[in-house]
Every structure is written in structure tokens, then in C-alpha cells.
>>> print(open('run.pdb').read())   # PDB, C-alpha atoms
ATOM      1  CA  MET A   1     109.565 122.566 107.067
ATOM      2  CA  CYS A   2     108.492 118.966 106.488
ATOM      3  CA  ARG A   3     104.787 118.283 106.707
ATOM      4  CA  LEU A   4     103.437 115.284 108.618
ATOM      5  CA  PHE A   5      99.944 113.879 108.160
ATOM      6  CA  GLY A   6      98.505 110.760 109.775
ATOM      7  CA  MET A   7      94.981 109.384 109.847
ATOM      8  CA  THR A   8      93.302 106.328 111.301
ATOM      9  CA  ALA A   9      89.775 104.960 111.014
ATOM     10  CA  SER A  10      90.738 101.646 112.631
ATOM     11  CA  PRO A  11      89.357  99.033 112.697
ATOM     12  CA  ARG A  12      87.513 100.118 109.545
ATOM     13  CA  ARG A  13      89.309 100.300 106.225
ATOM     14  CA  VAL A  14      88.308 103.453 104.408
ATOM     15  CA  THR A  15      89.072 104.937 101.016
ATOM     16  CA  ALA A  16      90.788 108.304 100.923
ATOM     17  CA  THR A  17      92.164 110.422  98.104
ATOM     18  CA  PHE A  18      95.472 112.220  98.648
ATOM     19  CA  TRP A  19      97.249 114.961  96.782
ATOM     20  CA  LEU A  20     100.756 115.265  98.250
ATOM     21  CA  LEU A  21     101.221 118.588  96.511
ATOM     22  CA  ASP A  22      98.097 120.504  95.714
ATOM     23  CA  ALA A  23      98.929 121.737  92.232
ATOM     24  CA  VAL A  24     101.697 122.148  89.694
ATOM     25  CA  ASP A  25     101.960 125.746  90.873
ATOM     26  CA  SER A  26     103.297 124.421  94.170
ATOM     27  CA  LEU A  27     106.552 123.626  92.349
ATOM     28  CA  ASP A  28     106.767 126.611  90.038
ATOM     29  CA  HIS A  29     109.309 128.602  92.018
ATOM     30  CA  GLN A  30     112.404 126.435  91.892
ATOM     31  CA  SER A  31     114.157 127.508  95.066
ATOM     32  CA  GLU A  32     115.118 126.092  98.430
ATOM     33  CA  LYS A  33     111.491 126.479  99.484
ATOM     34  CA  ASN A  34     110.373 123.674  97.197
ATOM     35  CA  PRO A  35     109.678 120.200  98.575
ATOM     36  CA  ASP A  36     112.434 117.614  98.136
ATOM     37  CA  GLY A  37     110.222 114.535  98.243
ATOM     38  CA  THR A  38     106.722 113.245  98.892
ATOM     39  CA  GLY A  39     105.444 109.931 100.180
ATOM     40  CA  LEU A  40     102.320 108.057 101.248
ATOM     41  CA  GLY A  41     102.183 104.974 103.464
ATOM     42  CA  THR A  42      99.192 102.636 103.731
ATOM     43  CA  PHE A  43      98.532  98.959 104.508
ATOM     44  CA  ASP A  44      97.027  96.279 102.276
ATOM     45  CA  THR A  45      94.284  93.855 103.306
ATOM     46  CA  GLN A  46      96.921  91.483 104.708
ATOM     47  CA  GLY A  47      98.326  94.211 106.970
ATOM     48  CA  ARG A  48     101.479  94.650 104.905
ATOM     49  CA  PRO A  49     102.919  98.169 104.517
ATOM     50  CA  VAL A  50     102.678  99.834 101.119
ATOM     51  CA  VAL A  51     104.870 102.918 100.650
ATOM     52  CA  GLU A  52     104.828 105.099  97.536
ATOM     53  CA  LYS A  53     107.389 107.868  97.495
ATOM     54  CA  GLN A  54     109.392 109.986  95.126
ATOM     55  CA  PRO A  55     112.226 112.483  95.537
ATOM     56  CA  LEU A  56     111.761 115.752  93.687
ATOM     57  CA  ALA A  57     115.414 116.586  93.263
ATOM     58  CA  ALA A  58     115.073 117.941  89.733
ATOM     59  CA  TYR A  59     111.514 119.245  90.118
ATOM     60  CA  THR A  60     110.526 117.111  87.154
ATOM     61  CA  ASP A  61     108.262 114.426  88.561
ATOM     62  CA  ARG A  62     105.308 116.742  89.034
ATOM     63  CA  GLN A  63     102.769 114.122  88.071
ATOM     64  CA  PHE A  64     103.676 111.882  91.015
ATOM     65  CA  ALA A  65     103.535 114.817  93.411
ATOM     66  CA  THR A  66     100.219 116.245  92.233
ATOM     67  CA  GLU A  67      98.163 113.313  90.929
ATOM     68  CA  ALA A  68      95.244 112.037  92.972
ATOM     69  CA  LYS A  69      96.041 108.831  94.870
ATOM     70  CA  HIS A  70      92.960 106.776  95.777
ATOM     71  CA  ARG A  71      93.960 104.365  98.525
ATOM     72  CA  GLU A  72      92.175 102.082 100.992
ATOM     73  CA  SER A  73      93.607 101.439 104.448
ATOM     74  CA  ALA A  74      92.745 101.672 108.132
ATOM     75  CA  THR A  75      95.757 103.912 108.792
ATOM     76  CA  PHE A  76      97.512 106.426 106.539
ATOM     77  CA  LEU A  77     100.791 108.354 106.790
ATOM     78  CA  ALA A  78     101.752 111.138 104.356
ATOM     79  CA  HIS A  79     104.929 113.213 104.351
ATOM     80  CA  VAL A  80     106.279 116.141 102.360
ATOM     81  CA  ARG A  81     110.043 116.396 102.786
ATOM     82  CA  HIS A  82     112.276 119.443 102.974
ATOM     83  CA  ALA A  83     115.721 117.859 103.137
ATOM     84  CA  SER A  84     117.968 118.535 106.131
ATOM     85  CA  THR A  85     120.155 115.404 106.043
ATOM     86  CA  GLY A  86     120.845 113.181 103.051
ATOM     87  CA  ALA A  87     120.574 113.580  99.297
ATOM     88  CA  ARG A  88     117.326 113.776  97.377
ATOM     89  CA  THR A  89     116.941 110.071  96.645
ATOM     90  CA  VAL A  90     114.211 107.462  97.053
ATOM     91  CA  ASN A  91     116.045 105.883 100.001
ATOM     92  CA  ASN A  92     116.084 109.233 101.808
ATOM     93  CA  THR A  93     112.444 110.051 101.086
ATOM     94  CA  HIS A  94     109.857 109.502 103.824
ATOM     95  CA  PRO A  95     108.027 107.505 104.969
ATOM     96  CA  PHE A  96     110.197 104.534 105.897
ATOM     97  CA  THR A  97     109.253 100.930 106.695
ATOM     98  CA  GLN A  98     110.782  98.578 109.247
ATOM     99  CA  ASN A  99     109.352  95.350 110.664
ATOM    100  CA  GLY A 100     105.877  95.997 109.259
ATOM    101  CA  ARG A 101     105.669  99.567 110.559
ATOM    102  CA  ILE A 102     105.667 102.906 108.732
ATOM    103  CA  PHE A 103     107.415 106.021 110.075
ATOM    104  CA  ALA A 104     108.024 109.676 109.226
ATOM    105  CA  HIS A 105     109.824 112.439 111.116
ATOM    106  CA  ASN A 106     110.072 116.223 111.106
ATOM    107  CA  GLY A 107     113.162 117.792 112.627
ATOM    108  CA  VAL A 108     116.944 117.532 112.859
ATOM    109  CA  ILE A 109     119.149 115.166 114.870
ATOM    110  CA  GLU A 110     122.934 115.616 114.839
ATOM    111  CA  ASP A 111     126.002 113.555 115.834
ATOM    112  CA  LEU A 112     124.962 110.671 113.601
ATOM    113  CA  PRO A 113     128.204 108.690 114.225
ATOM    114  CA  ARG A 114     127.192 108.491 117.897
ATOM    115  CA  LEU A 115     123.728 107.328 116.867
ATOM    116  CA  ASP A 116     125.217 104.722 114.512
ATOM    117  CA  GLU A 117     127.345 103.414 117.363
ATOM    118  CA  GLN A 118     124.274 103.094 119.562
ATOM    119  CA  LEU A 119     122.385 101.235 116.836
ATOM    120  CA  GLY A 120     124.965  98.468 116.520
ATOM    121  CA  PRO A 121     123.526  95.724 114.281
ATOM    122  CA  TYR A 122     120.301  97.710 113.856
ATOM    123  CA  ARG A 123     122.278 100.092 111.644
ATOM    124  CA  ALA A 124     121.685  97.501 108.893
ATOM    125  CA  LEU A 125     118.011  98.532 108.826
ATOM    126  CA  VAL A 126     118.999 101.956 107.496
ATOM    127  CA  GLN A 127     118.969 102.067 103.698
ATOM    128  CA  GLY A 128     119.617 105.804 103.249
ATOM    129  CA  ASP A 129     121.559 108.637 104.842
ATOM    130  CA  THR A 130     118.978 110.455 106.942
ATOM    131  CA  ASP A 131     118.805 111.129 110.651
ATOM    132  CA  SER A 132     115.115 110.189 110.425
ATOM    133  CA  GLU A 133     115.655 106.604 109.288
ATOM    134  CA  ARG A 134     118.329 106.152 111.955
ATOM    135  CA  PHE A 135     115.849 107.455 114.555
ATOM    136  CA  PHE A 136     113.345 104.862 113.303
ATOM    137  CA  ALA A 137     115.972 102.116 113.631
ATOM    138  CA  LEU A 138     116.641 103.184 117.225
ATOM    139  CA  ILE A 139     112.921 102.973 117.945
ATOM    140  CA  THR A 140     112.840  99.498 116.370
ATOM    141  CA  GLN A 141     115.792  98.476 118.548
ATOM    142  CA  HIS A 142     113.983  99.576 121.692
ATOM    143  CA  ILE A 143     110.678  98.025 120.609
ATOM    144  CA  ASP A 144     112.479  94.697 120.286
ATOM    145  CA  ALA A 145     114.116  95.214 123.683
ATOM    146  CA  HIS A 146     110.628  95.657 125.155
ATOM    147  CA  GLY A 147     109.212  92.526 123.533
ATOM    148  CA  GLY A 148     107.255  94.383 120.854
ATOM    149  CA  ASP A 149     105.850  97.173 123.026
ATOM    150  CA  ILE A 150     105.803 100.120 120.600
ATOM    151  CA  THR A 151     104.910 102.758 123.180
ATOM    152  CA  ALA A 152     107.832 101.704 125.382
ATOM    153  CA  GLY A 153     110.149 101.580 122.376
ATOM    154  CA  ILE A 154     109.287 105.101 121.236
ATOM    155  CA  THR A 155     109.581 106.373 124.819
ATOM    156  CA  ASP A 156     113.028 104.904 125.473
ATOM    157  CA  ALA A 157     114.444 105.860 122.066
ATOM    158  CA  THR A 158     113.149 109.407 122.368
ATOM    159  CA  ARG A 159     114.542 109.843 125.872
ATOM    160  CA  TRP A 160     117.953 108.534 124.793
ATOM    161  CA  ILE A 161     118.128 110.990 121.897
ATOM    162  CA  ALA A 162     116.910 113.884 124.058
ATOM    163  CA  ASP A 163     119.614 113.134 126.627
ATOM    164  CA  GLN A 164     122.517 112.198 124.361
ATOM    165  CA  LEU A 165     122.331 113.957 120.982
ATOM    166  CA  PRO A 166     122.009 117.527 119.710
ATOM    167  CA  ILE A 167     118.474 117.968 118.379
ATOM    168  CA  PHE A 168     116.345 120.667 116.860
ATOM    169  CA  ALA A 169     113.090 118.674 116.772
ATOM    170  CA  ILE A 170     111.949 115.045 116.665
ATOM    171  CA  ASN A 171     108.239 115.183 115.845
ATOM    172  CA  LEU A 172     107.121 111.819 114.478
ATOM    173  CA  ILE A 173     104.224 109.658 113.331
ATOM    174  CA  LEU A 174     104.439 105.854 113.386
ATOM    175  CA  THR A 175     101.705 103.556 112.074
ATOM    176  CA  THR A 176     100.895  99.877 112.007
ATOM    177  CA  ALA A 177      97.997  98.340 110.108
ATOM    178  CA  THR A 178      95.637  99.176 112.980
ATOM    179  CA  GLU A 179      97.354 101.705 115.289
ATOM    180  CA  LEU A 180      98.992 105.133 115.187
ATOM    181  CA  TRP A 181     101.490 106.916 117.435
ATOM    182  CA  ALA A 182     102.429 110.600 117.289
ATOM    183  CA  LEU A 183     105.057 112.539 119.250
ATOM    184  CA  ARG A 184     105.772 116.247 119.532
ATOM    185  CA  TYR A 185     109.137 117.182 121.035
ATOM    186  CA  PRO A 186     110.293 119.696 122.039
ATOM    187  CA  ASP A 187     108.240 122.867 121.363
ATOM    188  CA  THR A 188     110.099 123.744 118.141
ATOM    189  CA  HIS A 189     107.432 122.582 115.677
ATOM    190  CA  GLU A 190     103.735 122.224 116.279
ATOM    191  CA  LEU A 191     101.696 119.054 115.875
ATOM    192  CA  TYR A 192      97.905 118.890 116.033
ATOM    193  CA  MET A 193      95.274 116.208 116.447
ATOM    194  CA  LEU A 194      91.578 116.143 115.589
ATOM    195  CA  LYS A 195      89.019 113.466 116.381
ATOM    196  CA  ARG A 196      86.202 113.542 113.861
ATOM    197  CA  GLU A 197      82.929 111.820 114.572
ATOM    198  CA  ALA A 198      80.983 110.223 111.739
ATOM    199  CA  GLY A 199      78.610 112.529 109.945
ATOM    200  CA  GLU A 200      80.453 114.494 107.289
ATOM    201  CA  HIS A 201      82.904 113.961 104.469
ATOM    202  CA  LEU A 202      86.528 114.498 105.410
ATOM    203  CA  ARG A 203      88.154 117.333 103.484
ATOM    204  CA  HIS A 204      91.480 118.684 104.701
ATOM    205  CA  ALA A 205      94.018 120.902 102.988
ATOM    206  CA  GLY A 206      97.383 122.067 104.334
ATOM    207  CA  SER A 207      98.957 125.416 103.631
ATOM    208  CA  ALA A 208     101.441 126.068 100.832
ATOM    209  CA  GLY A 209      99.775 123.435  98.649
ATOM    210  CA  THR A 210     100.946 120.453 100.695
ATOM    211  CA  VAL A 211      98.898 117.363 101.646
ATOM    212  CA  ARG A 212      95.265 117.602 100.626
ATOM    213  CA  VAL A 213      92.982 114.692 101.502
ATOM    214  CA  HIS A 214      89.345 113.823 100.901
ATOM    215  CA  SER A 215      87.321 110.844 102.117
ATOM    216  CA  ALA A 216      83.614 110.251 101.629
ATOM    217  CA  ASP A 217      83.848 107.119 103.803
ATOM    218  CA  SER A 218      84.413 109.312 106.857
ATOM    219  CA  ALA A 219      80.747 110.286 106.678
ATOM    220  CA  ALA A 220      80.003 106.845 108.119
ATOM    221  CA  THR A 221      83.210 106.263 110.095
ATOM    222  CA  PRO A 222      84.898 108.185 112.923
ATOM    223  CA  THR A 223      88.519 109.146 112.246
ATOM    224  CA  VAL A 224      91.476 110.663 114.071
ATOM    225  CA  VAL A 225      93.793 112.983 112.163
ATOM    226  CA  ILE A 226      97.324 114.131 113.096
ATOM    227  CA  ALA A 227      98.888 117.021 111.185
ATOM    228  CA  SER A 228     101.672 119.581 111.345
ATOM    229  CA  GLU A 229      99.028 122.307 111.177
ATOM    230  CA  PRO A 230      95.259 122.651 111.493
ATOM    231  CA  MET A 231      93.968 121.796 108.018
ATOM    232  CA  ASP A 232      90.536 123.387 108.226
ATOM    233  CA  THR A 233      88.526 125.647 110.533
ATOM    234  CA  ASP A 234      87.170 122.858 112.749
ATOM    235  CA  PRO A 235      87.404 124.118 116.361
ATOM    236  CA  GLY A 236      88.259 120.605 117.537
ATOM    237  CA  TRP A 237      91.910 120.767 116.505
ATOM    238  CA  ARG A 238      94.132 120.390 119.591
ATOM    239  CA  ARG A 239      97.796 121.330 119.649
ATOM    240  CA  MET A 240      99.796 118.549 121.237
ATOM    241  CA  SER A 241     101.985 119.487 124.180
ATOM    242  CA  PRO A 242     105.780 119.298 123.992
ATOM    243  CA  GLY A 243     106.851 115.823 125.096
ATOM    244  CA  GLU A 244     103.386 114.347 124.518
ATOM    245  CA  LEU A 245     103.157 110.871 123.000
ATOM    246  CA  LEU A 246      99.720 110.056 121.602
ATOM    247  CA  HIS A 247      98.708 106.443 120.970
ATOM    248  CA  ILE A 248      95.533 105.723 119.011
ATOM    249  CA  HIS A 249      94.350 102.150 119.484
ATOM    250  CA  PRO A 250      92.509  99.946 116.955
ATOM    251  CA  ASP A 251      89.140 101.075 118.368
ATOM    252  CA  LEU A 252      90.179 104.781 118.189
ATOM    253  CA  HIS A 253      90.607 104.918 121.959
ATOM    254  CA  MET A 254      93.438 107.362 122.685
ATOM    255  CA  ASP A 255      96.161 107.346 125.334
ATOM    256  CA  SER A 256      98.216 110.479 125.890
ATOM    257  CA  SER A 257     101.449 110.313 127.883
ATOM    258  CA  PRO A 258     103.911 113.105 128.777
ATOM    259  CA  ILE A 259     107.026 111.045 128.124
ATOM    260  CA  LEU A 260     109.455 114.001 128.287
ATOM    261  CA  ASP A 261     108.939 116.863 130.737
ATOM    262  CA  ARG A 262     112.362 118.469 130.237
ATOM    263  CA  PRO A 263     114.099 120.279 127.398
ATOM    264  CA  PRO A 264     116.747 118.499 125.317
ATOM    265  CA  ALA A 265     120.154 118.199 126.948
ATOM    266  CA  HIS A 266     121.777 119.563 123.774
ATOM    267  CA  PRO A 267     119.212 121.807 122.046
ATOM    268  CA  LEU A 268     119.987 123.213 118.621
ATOM    269  CA  SER A 269     118.877 126.587 117.305
ATOM    270  CA  LEU A 270     118.525 127.566 113.664
ATOM    271  CA  SER A 271     121.896 129.323 113.853
ATOM    272  CA  ASP A 272     123.529 126.012 114.842
ATOM    273  CA  LEU A 273     122.318 124.249 111.702
ATOM    274  CA  SER A 274     123.798 124.168 108.230
ATOM    275  CA  ALA A 275     122.161 126.509 105.740
ATOM    276  CA  GLU A 276     120.288 123.631 104.103
ATOM    277  CA  ALA A 277     119.124 122.144 107.401
ATOM    278  CA  ALA A 278     118.013 125.557 108.688
ATOM    279  CA  ALA A 279     116.064 126.238 105.486
ATOM    280  CA  SER A 280     114.334 122.864 105.828
ATOM    281  CA  GLN A 281     113.021 123.755 109.286
ATOM    282  CA  LEU A 282     111.495 127.120 108.464
ATOM    283  CA  THR A 283     107.730 127.402 108.269
ATOM    284  CA  ARG A 284     106.741 127.613 104.613
TER     285      ARG A 284
END
>>> encode(input="run.pdb", output="C-alpha cells")
Amino acid sequence: MCRLFGMTASPRRVTATFWLLDAVDSLDHQSEKNPDGTGLGTFDTQGRPVVEKQPLAAYTDRQFATEAKHRESATFLAHVRHASTGARTVNNTHPFTQNGRIFAHNGVIEDLPRLDEQLGPYRALVQGDTDSERFFALITQHIDAHGGDITAGITDATRWIADQLPIFAINLILTTATELWALRYPDTHELYMLKREAGEHLRHAGSAGTVRVHSADSAATPTVVIASEPMDTDPGWRRMSPGELLHIHPDLHMDSSPILDRPPAHPLSLSDLSAEAAASQLTR
């Protein structure tokens, strides 16, 4: 399945080194289990989003996927894609940017014509073919409807999708230059959070060679990490509850809200998905 990773040290900018795939060996077995794209989102000193991403359709761009990326930001968002909707292209590779925000998603949403209809003019924000970027556009639509309130926008967009569309999962991370939001819904895929106090270097590594990160700056700066899986043996990892929306403020204060306390109106199982979509949702 896709791997999500988010981190914030806000308001401090910190330097972190990312490897979106741990080693060349991670791509050696050219099968449906291989990642289809990798991406990293950060913000520059002016608060502008910077997204670096690459599809791995031919399994040839190993250097991009495995090279160390030294980046400075207050918030970070990394994603390893296993394609469920849309071709293996740059436009379909996460993360996505809209209105100065960065977004990535893990899951499957179906009935995209219905979603396009709901988006109306916001459909123009979508540059690729994925359900994920459409989901982001719906969130942007609702953020605008709430006068820029991101929490309200995520809440309303998520509830609409849960009530109206067939879904398998809609786990997400959304970042601005100083804030981070994370949602787990429903209970299909796990999502974890860890608050790290200052005092030790940050070293995290995901399973199957995906998303490894190191930061010496974290020895002097508290951080909050969101990930699809616990990435070390720290006992502080907490599994988010289904329907929980986590908002991490610029001072690392956290709000947690149960925005959905019911299952999806039209839940999908693996057997309902296409072979490619089902393969993308399996734990690697």
C-alpha cells in the first residue's frame, strides 16, 4: 500500500535527510509490489511549497528514489505511491499542491464522475487522473467555503465522501508551511503519530525499504511525526482512531477530533476493487 510520512518541528525550520526508497534492492523485483512513484513536499523560507516527485513506471529512475535528499523546512510530507487510479506519470504522483498547501492520500475512492460533478469549477485544480487529487480539490473547495478554515474544510469534504461515494480508505496528510493535519478513516489502514521531545537525533525507517529519515536538528527541537506504520521501537507511537482528525498547530500543540463516528455509507472491500487497485492496498 502507499506509505504516508509527515513531520513538523514548527515554528522551527530544521534540516532532515530523506531516502524515499531505502536502497536499489527495494526495486530489484520488478513486479506489482514495486512502488509506482515517490515524492517529498517541503516549504521554502517564504512559505512557498516545494514538491519533488517522480513516477517509477519503468523502474529506471532509481537514483531519484534512493538518493539522499537534504532539505530544510518546518513541515515535511513524503509519499511512496502504489498506483490504484491513474497512470504512472508526474501529474499522478503524490504529493500534490493547491493554494499553498501540500497533500497526500492513501486509499481508494470510486465513482469519480460523481466527484467531478460535485467539484464544479474546482475540477480545474486537478492536473492528473487520480482520486487523491480530486479529494484534495474537494477539500480546497470546502476550505474556501469556510473562509480558509482548513479543519472545517477537511471535515466537510471527508463527511461528504463518506456519505456519498464508495470508498476503501481515505487516510491523508495535509501540510502548510507551519501546520499539519492527518486523518485516518475508516479502520482499513493504520496511521500512527509520535511526539518526540528534544534530546536525541531523529532516525526513522519504514518497512520494505520505504521512507527513511534522519535529522540531527531534532536533538534540539521537539517534533511530531505521522506515519503509516511505527518506524522504530519508541513506545510513544500511538495508533490514530478511525475517524480521528489530528491538527498540529505552529507551536506543536495538538487538537484531536473524532470527525466521523460511523462507517462509510458505501464501503468497498478488496474484492470490489480492480486487480491493480486491490494490489495497491495490500500491506507490503
>>> residues_around(input="run.pdb", residues="Ile154 in chain A", least_positions_apart="3", cutoff="9 Å", atoms="all atoms listed in the file", output="PyMOL selection string")
chain A and resi 136+138-140+142-143+149-151+157-159+181+183+245
>>> write_last_selection(input="run.pdb", atoms="C-alpha atoms", output="mmCIF file, in the frame of the given file")
data_model
loop_
_atom_site.group_PDB
_atom_site.id
_atom_site.type_symbol
_atom_site.label_atom_id
_atom_site.label_comp_id
_atom_site.auth_asym_id
_atom_site.auth_seq_id
_atom_site.Cartn_x
_atom_site.Cartn_y
_atom_site.Cartn_z
ATOM 1 C CA PHE A 136 113.345 104.862 113.303
ATOM 2 C CA LEU A 138 116.641 103.184 117.225
ATOM 3 C CA ILE A 139 112.921 102.973 117.945
ATOM 4 C CA THR A 140 112.840 99.498 116.370
ATOM 5 C CA HIS A 142 113.983 99.576 121.692
ATOM 6 C CA ILE A 143 110.678 98.025 120.609
ATOM 7 C CA ASP A 149 105.850 97.173 123.026
ATOM 8 C CA ILE A 150 105.803 100.120 120.600
ATOM 9 C CA THR A 151 104.910 102.758 123.180
ATOM 10 C CA ALA A 157 114.444 105.860 122.066
ATOM 11 C CA THR A 158 113.149 109.407 122.368
ATOM 12 C CA ARG A 159 114.542 109.843 125.872
ATOM 13 C CA TRP A 181 101.490 106.916 117.435
ATOM 14 C CA LEU A 183 105.057 112.539 119.250
ATOM 15 C CA LEU A 245 103.157 110.871 123.000
#
>>> resolve_selection(input="run.pdb", expression="the PyMOL selection byres ((chain A and resi 6) around 6)", output="JSON list (two decimals) with C-alpha atoms, in the coordinates of the input")
[["chain", "number", "residue", "atom", "x", "y", "z"],
["A", 5, "PHE", "CA", 99.94, 113.88, 108.16],
["A", 7, "MET", "CA", 94.98, 109.38, 109.85],
["A", 76, "PHE", "CA", 97.51, 106.43, 106.54],
["A", 77, "LEU", "CA", 100.79, 108.35, 106.79],
["A", 225, "VAL", "CA", 93.79, 112.98, 112.16],
["A", 226, "ILE", "CA", 97.32, 114.13, 113.10]]
>>> closest_residue(input="run.pdb", among="A:Trp160, A:Tyr185, A:Tyr122, A:Trp19", to="Asn106 in chain A", atoms="all atoms listed in the file")
A:Tyr185
>>> resolve_selection(input="run.pdb", expression="the PyMOL selection byres ((chain A and resi 254-271) around 10)", output="ChimeraX atom specification")
/A:108-110,151-152,154-156,158-159,161-169,180-188,195,224,240-253,272-275,277-279,281-282
>>> write_last_selection(input="run.pdb", atoms="C-alpha atoms", output="mmCIF file, in the coordinates of the input")
data_model
loop_
_atom_site.group_PDB
_atom_site.id
_atom_site.type_symbol
_atom_site.label_atom_id
_atom_site.label_comp_id
_atom_site.auth_asym_id
_atom_site.auth_seq_id
_atom_site.Cartn_x
_atom_site.Cartn_y
_atom_site.Cartn_z
ATOM 1 C CA VAL A 108 116.944 117.532 112.859
ATOM 2 C CA ILE A 109 119.149 115.166 114.870
ATOM 3 C CA GLU A 110 122.934 115.616 114.839
ATOM 4 C CA THR A 151 104.910 102.758 123.180
ATOM 5 C CA ALA A 152 107.832 101.704 125.382
ATOM 6 C CA ILE A 154 109.287 105.101 121.236
ATOM 7 C CA THR A 155 109.581 106.373 124.819
ATOM 8 C CA ASP A 156 113.028 104.904 125.473
ATOM 9 C CA THR A 158 113.149 109.407 122.368
ATOM 10 C CA ARG A 159 114.542 109.843 125.872
ATOM 11 C CA ILE A 161 118.128 110.990 121.897
ATOM 12 C CA ALA A 162 116.910 113.884 124.058
ATOM 13 C CA ASP A 163 119.614 113.134 126.627
ATOM 14 C CA GLN A 164 122.517 112.198 124.361
ATOM 15 C CA LEU A 165 122.331 113.957 120.982
ATOM 16 C CA PRO A 166 122.009 117.527 119.710
ATOM 17 C CA ILE A 167 118.474 117.968 118.379
ATOM 18 C CA PHE A 168 116.345 120.667 116.860
ATOM 19 C CA ALA A 169 113.090 118.674 116.772
ATOM 20 C CA LEU A 180 98.992 105.133 115.187
ATOM 21 C CA TRP A 181 101.490 106.916 117.435
ATOM 22 C CA ALA A 182 102.429 110.600 117.289
ATOM 23 C CA LEU A 183 105.057 112.539 119.250
ATOM 24 C CA ARG A 184 105.772 116.247 119.532
ATOM 25 C CA TYR A 185 109.137 117.182 121.035
ATOM 26 C CA PRO A 186 110.293 119.696 122.039
ATOM 27 C CA ASP A 187 108.240 122.867 121.363
ATOM 28 C CA THR A 188 110.099 123.744 118.141
ATOM 29 C CA LYS A 195 89.019 113.466 116.381
ATOM 30 C CA VAL A 224 91.476 110.663 114.071
ATOM 31 C CA MET A 240 99.796 118.549 121.237
ATOM 32 C CA SER A 241 101.985 119.487 124.180
ATOM 33 C CA PRO A 242 105.780 119.298 123.992
ATOM 34 C CA GLY A 243 106.851 115.823 125.096
ATOM 35 C CA GLU A 244 103.386 114.347 124.518
ATOM 36 C CA LEU A 245 103.157 110.871 123.000
ATOM 37 C CA LEU A 246 99.720 110.056 121.602
ATOM 38 C CA HIS A 247 98.708 106.443 120.970
ATOM 39 C CA ILE A 248 95.533 105.723 119.011
ATOM 40 C CA HIS A 249 94.350 102.150 119.484
ATOM 41 C CA PRO A 250 92.509 99.946 116.955
ATOM 42 C CA ASP A 251 89.140 101.075 118.368
ATOM 43 C CA LEU A 252 90.179 104.781 118.189
ATOM 44 C CA HIS A 253 90.607 104.918 121.959
ATOM 45 C CA ASP A 272 123.529 126.012 114.842
ATOM 46 C CA LEU A 273 122.318 124.249 111.702
ATOM 47 C CA SER A 274 123.798 124.168 108.230
ATOM 48 C CA ALA A 275 122.161 126.509 105.740
ATOM 49 C CA ALA A 277 119.124 122.144 107.401
ATOM 50 C CA ALA A 278 118.013 125.557 108.688
ATOM 51 C CA ALA A 279 116.064 126.238 105.486
ATOM 52 C CA GLN A 281 113.021 123.755 109.286
ATOM 53 C CA LEU A 282 111.495 127.120 108.464
#
>>> closest_residue(input="run.pdb", among="A:Arg114, A:Arg3, A:His189, A:Arg71", to="Ala16 in chain A", atoms="all atoms listed in the file")
A:Arg71
>>> atom_distance(input="run.pdb", atom1="CA of Met231 in chain A", atom2="CA of Ala205 in chain A")
5.1 Å
>>> closest_residue(input="run.pdb", among="A:Pro49, A:Gly199, A:Pro235, A:Pro11", to="Ser215 in chain A", atoms="only C-alpha atoms")
A:Gly199
>>> closest_residue(input="run.pdb", among="A:Ala216, A:Met193, A:Leu115, A:Ala68", to="Leu4 in chain A", atoms="all atoms listed in the file")
A:Met193
>>> closest_residue(input="run.pdb", among="A:Glu190, A:Thr223, A:Asp144, A:Gln54", to="Leu202 in chain A", atoms="all atoms listed in the file")
A:Thr223
>>> atom_distance(input="run.pdb", atom1="CA of Asp36 in chain A", atom2="CA of Glu133 in chain A")
16.0 Å
>>> atom_distance(input="run.pdb", atom1="CA of Arg88 in chain A", atom2="CA of Thr38 in chain A")
10.7 Å
>>> decode(input="run.pdb", residues="range 129-133 of chain A", atoms="all heavy atoms", output="tab-separated table (two decimals), in the first residue's frame")
chain	number	residue	atom	x	y	z
A	129	ASP	N	-5.09	12.32	-13.03
A	129	ASP	CA	-6.26	11.44	-13.14
A	129	ASP	C	-6.68	10.80	-11.83
A	129	ASP	O	-7.62	9.99	-11.81
A	129	ASP	CB	-5.94	10.31	-14.13
A	129	ASP	CG	-5.43	10.82	-15.46
A	129	ASP	OD1	-6.05	11.76	-15.99
A	129	ASP	OD2	-4.40	10.31	-15.95
A	130	THR	N	-6.02	11.10	-10.73
A	130	THR	CA	-6.20	10.30	-9.53
A	130	THR	C	-7.42	10.71	-8.71
A	130	THR	O	-7.88	11.86	-8.75
A	130	THR	CB	-4.97	10.41	-8.61
A	130	THR	OG1	-4.83	11.76	-8.14
A	130	THR	CG2	-3.71	9.99	-9.34
A	131	ASP	N	-7.92	9.75	-7.94
A	131	ASP	CA	-8.94	10.05	-6.94
A	131	ASP	C	-8.36	10.95	-5.86
A	131	ASP	O	-9.06	11.81	-5.32
A	131	ASP	CB	-9.49	8.75	-6.34
A	131	ASP	CG	-8.42	7.83	-5.79
A	131	ASP	OD1	-7.22	8.02	-6.10
A	131	ASP	OD2	-8.77	6.88	-5.05
A	132	SER	N	-7.09	10.79	-5.56
A	132	SER	CA	-6.45	11.56	-4.48
A	132	SER	C	-6.45	13.05	-4.76
A	132	SER	O	-6.79	13.87	-3.89
A	132	SER	CB	-5.01	11.08	-4.29
A	132	SER	OG	-4.96	9.71	-4.01
A	133	GLU	N	-6.06	13.44	-5.98
A	133	GLU	CA	-6.01	14.87	-6.29
A	133	GLU	C	-7.41	15.47	-6.34
A	133	GLU	O	-7.62	16.62	-5.96
A	133	GLU	CB	-5.28	15.09	-7.61
A	133	GLU	CG	-4.89	16.53	-7.85
A	133	GLU	CD	-4.14	16.75	-9.15
A	133	GLU	OE1	-4.14	15.83	-10.00
A	133	GLU	OE2	-3.58	17.84	-9.33
